[in-house]
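**Q** This is the structure I have questions about; it appears just below.
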Amino acid sequence: KSKRQGLPRSTASHAMASAPGSPPAVVATRSHWALAVDVEGWEPSASGWSTALAQLQPEERQRAERFRRPVDARRAVLGRLLSRHVAAEALGLESREQDKLQLARTPRGKPFVASPDPGRFNFNLSHHGRWVALAAHRTRRVGVDVMAYEMPRGARCVSEFFDALSSSFTDSEWAFIRGSAEPAALSLTHLRRFYRLWALKEAYIKALGDGIGFGLQRVAFSIHEIPGSDADVLSQPLRATMMLDGALNIEFDFTIQDIDPEHCIGIALERRVEASSAPPGAESSCEQERSADLPWHWGVVFANELLANTAEQACCASESPSSPHTAQS
């Protein structure tokens with residue numbers, strides 16, 4: 001996605017649950033998924049890149065090949081591979097059934113599973129800076145947004161950047177962002193506050209699937225900072241509340257957290273459906289409901305492992321007796 005009005009182009013627990021070099025950490029419950037891939041750690045060879053592209057749908061390959069910058073193409077490919085990996089697991093598709101999985105986008109650009117029937121499974125993807133992140137839930141709408149704490153190209157100072165985006169936040173949000181600092185004293189601390197609120201707004205809009213037509217000043221976020229904590233580095237996820245058109249939101253829960261010292265991630269998760277009104281197939285146990293509440297613990301998936309996993313699945317699918325590729329050979 002492109003960040004609005006000159007924000008850096010985006011082609012999407014405290015730190016991650018896995019340290020670099022360790023096995024991927026995956027959330028314990030399977031009612032939801034929260035996974036991220038480090039783009040900067042993946043520089044595929046020509047054959048590795050071809051292998052990755054071969055696992056995508058034709059329109060996905062074409063989309064990836066249109067990017068001018070290699071890093072943007074890598075973000076797009078890893079995001080799609082991660083989406084396919086999680087969707088297949090959520091829908092219980094075996095390796096030989098991978099060719100049945102088709103992803104598509106709504107007219108406003110939100111990705112979804114087109115086939116097989118996904119039920120209420122919902123996922124969302126974001127990529128910015130060095131991270132590609134995916135959040136998914138079996139029965140609830142979810143939105144995610146990653147932001148790098150960086151000064152956009154072309155902005156000479158924080159104050160100039162804020163002035164250019166003055167219509168993006170409400171007065172109360174700007175008061176939180178700026179604090180009591182004079183324009184010349186605005187720093188990385190204030191930029192962090194800006195991006196955290198931005199990530200929350202984007203996560204909410206993406207959960208709705210409304211796209212860029214949604215008025216940013218319709219929503220006003222308040223982040224519940226912990227007294228005495230270091231606001232520059234979020235050592236634990238912080239909850240946030242949202243006012244929508246002047247009324248307190250009761251439809252979604254929100255958290256903001258740092259993936260690493262240079263990136264934050266915001267999540268919007270639809271609140272659970274009460275058991276009395278839940279449709280067939282929705283979560284039925286209280287334990288499942290509690291386990292899906294925010295905050296989630298994030299796990300790292302390493303790009304080469306993701307590529308190897310999806311390549312193996314694609315190979316099994318092509319070798320299946322029911323595969324159209326086998327039928328044609």
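Identifiers for the structure tokens are assigned positionally: chains receive A, B, ... in sequence, residues are indexed from 1 per chain, and ligands are indexed from 1 in the order shown.
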Kindly assemble as a Markdown table a list of the stretch 203-223 of chain A residues that lie within 12 Å of stretch 173-181 of chain A, each paired with its nearest atom pair and their distance in Å to one decimal, using only C-alpha atoms, sorted first by chain and then by ascending residue number.

**A**
| residue | atom | partner | partner_atom | distance |
| --- | --- | --- | --- | --- |
| A:Leu216 | CA | A:Glu173 | CA | 11.3 |
| A:Gln217 | CA | A:Glu173 | CA | 9.7 |
| A:Arg218 | CA | A:Glu173 | CA | 11.9 |
| A:Val219 | CA | A:Glu173 | CA | 9.8 |
| A:Ala220 | CA | A:Glu173 | CA | 6.6 |
| A:Phe221 | CA | A:Glu173 | CA | 6.8 |
| A:Ser222 | CA | A:Glu173 | CA | 7.4 |
| A:Ile223 | CA | A:Phe176 | CA | 9.0 |

**Q** Using DSSP on the backbone coordinates, identify all residues within stretch 160-271 of chain A classified as strand (DSSP E or B); present the result as JSON, numbers by chain.

**A** {"A": [219, 220, 221, 222, 223, 238, 239, 240, 241, 242, 243, 244, 247, 248, 252, 253, 254, 255, 256, 257, 258, 259, 260, 263, 264, 265, 266, 267, 268, 269, 270]}

**Q** Within 9 Å of stretch 77-100 of chain A, which residues of stretch 131-204 of chain A show up? Give each one with its shortest atom-to-atom distance in Å (one decimal) and the two atoms involved, counting only C-alpha atoms, rows by chain then rising residue number, as JSON lines.

**A**
{"residue": "A:Val132", "atom": "CA", "partner": "A:Gly79", "partner_atom": "CA", "distance": 6.2}
{"residue": "A:Ala133", "atom": "CA", "partner": "A:Gly79", "partner_atom": "CA", "distance": 7.5}
{"residue": "A:Leu134", "atom": "CA", "partner": "A:Ser83", "partner_atom": "CA", "distance": 7.2}
{"residue": "A:Ala136", "atom": "CA", "partner": "A:Val86", "partner_atom": "CA", "distance": 7.9}
{"residue": "A:His137", "atom": "CA", "partner": "A:Ala90", "partner_atom": "CA", "distance": 8.6}
{"residue": "A:Arg138", "atom": "CA", "partner": "A:Ala90", "partner_atom": "CA", "distance": 7.1}

**Q** Let me make sure I understand: among A:Leu125, A:Ala240, A:Ala247, A:Val113, which one has the smallest atom-to-atom distance to A:Leu197 if we use only C-alpha atoms?

**A**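 The answer is A:Ala240, which sits nearest to A:Leu197.
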
**Q** How far is it from atom CA of A:Gly129 to atom CA of A:Met147, in Å with one decimal?

**A**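 One can read the atom CA of A:Gly129 to atom CA of A:Met147 distance as 7.0 Å.
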
**Q** With a distance cut-off of 12 Å and only C-alpha atoms, select the neighbouring residues of A:Ala203, excluding the residue or stretch itself and same-chain residues fewer than 4 positions from it, and output the selection as a VMD selection string.

**A** chain A and resid 12 110 123 to 126 133 to 135 141 to 147 195 to 199 207 to 211 216 219 221 242 252 to 256 264 to 270

**Q** Apply DSSP to the backbone of this structure and, from stretch 27-88 of chain A, keep only the residues in helix (DSSP H, G or I); write these as a PyMOL selection string.

**A** chain A and resi 46-54+58-65+70-88

**Q** Determine, counting only C-alpha atoms, which protein, DNA and RNA residues have an atom within 10 Å of an atom of A:Glu60; residues of the same chain fewer than 3 positions away are not included. Present the result as a PDB file with C-alpha atoms, in the first residue's frame.

**A**
ATOM      1  CA  LEU A  53       7.881 -16.402  -8.104  1.00  0.00           C
ATOM      2  CA  ALA A  54       6.856 -19.850  -9.295  1.00  0.00           C
ATOM      3  CA  GLN A  55       4.842 -20.357  -6.104  1.00  0.00           C
ATOM      4  CA  LEU A  56       2.634 -17.337  -6.754  1.00  0.00           C
ATOM      5  CA  GLN A  57      -0.507 -16.970  -8.834  1.00  0.00           C
ATOM      6  CA  ARG A  63       2.462  -7.493  -9.678  1.00  0.00           C
ATOM      7  CA  ALA A  64       5.844  -8.332  -8.121  1.00  0.00           C
ATOM      8  CA  GLU A  65       7.684  -7.884 -11.413  1.00  0.00           C
ATOM      9  CA  ALA A  76       5.501  -8.171  -2.081  1.00  0.00           C
ATOM     10  CA  VAL A  77       6.662 -11.734  -2.726  1.00  0.00           C
ATOM     11  CA  ARG A  80       2.166 -13.248  -0.582  1.00  0.00           C
ATOM     12  CA  LEU A 103      -6.075 -15.320  -3.119  1.00  0.00           C
ATOM     13  CA  ALA A 104      -7.704 -12.161  -4.437  1.00  0.00           C
TER      14      ALA A 104
END

**Q** Can you list, as a PDB file with N, CA and C atoms, in the first residue's frame, every protein, DNA or RNA residue that comes within 7 Å of A:Phe302 when you count only C-alpha atoms, leaving out same-chain residues fewer than 3 positions away?

**A**
ATOM      1  N   PRO A  24      11.534 -20.568  14.060  1.00  0.00           N
ATOM      2  CA  PRO A  24      10.414 -19.635  14.061  1.00  0.00           C
ATOM      3  C   PRO A  24       9.556 -19.819  15.296  1.00  0.00           C
ATOM      4  N   VAL A  37       8.333 -11.417   8.836  1.00  0.00           N
ATOM      5  CA  VAL A  37       9.521 -11.830   8.101  1.00  0.00           C
ATOM      6  C   VAL A  37      10.432 -10.619   7.928  1.00  0.00           C
ATOM      7  N   ASP A  38      11.728 -10.817   8.148  1.00  0.00           N
ATOM      8  CA  ASP A  38      12.723  -9.768   7.977  1.00  0.00           C
ATOM      9  C   ASP A  38      13.146  -9.734   6.510  1.00  0.00           C
ATOM     10  N   GLU A 305      13.256 -20.271   5.223  1.00  0.00           N
ATOM     11  CA  GLU A 305      12.417 -21.348   5.726  1.00  0.00           C
ATOM     12  C   GLU A 305      11.011 -21.251   5.142  1.00  0.00           C
ATOM     13  N   LEU A 306      10.499 -20.036   5.043  1.00  0.00           N
ATOM     14  CA  LEU A 306       9.185 -19.837   4.433  1.00  0.00           C
ATOM     15  C   LEU A 306       9.204 -20.281   2.977  1.00  0.00           C
TER      16      LEU A 306
END

**Q** Quick one, how far is atom CA of A:Asp258 from atom CA of A:Phe161?

**A**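 Result for atom CA of A:Asp258 versus atom CA of A:Phe161: 21.8 Å, one decimal.
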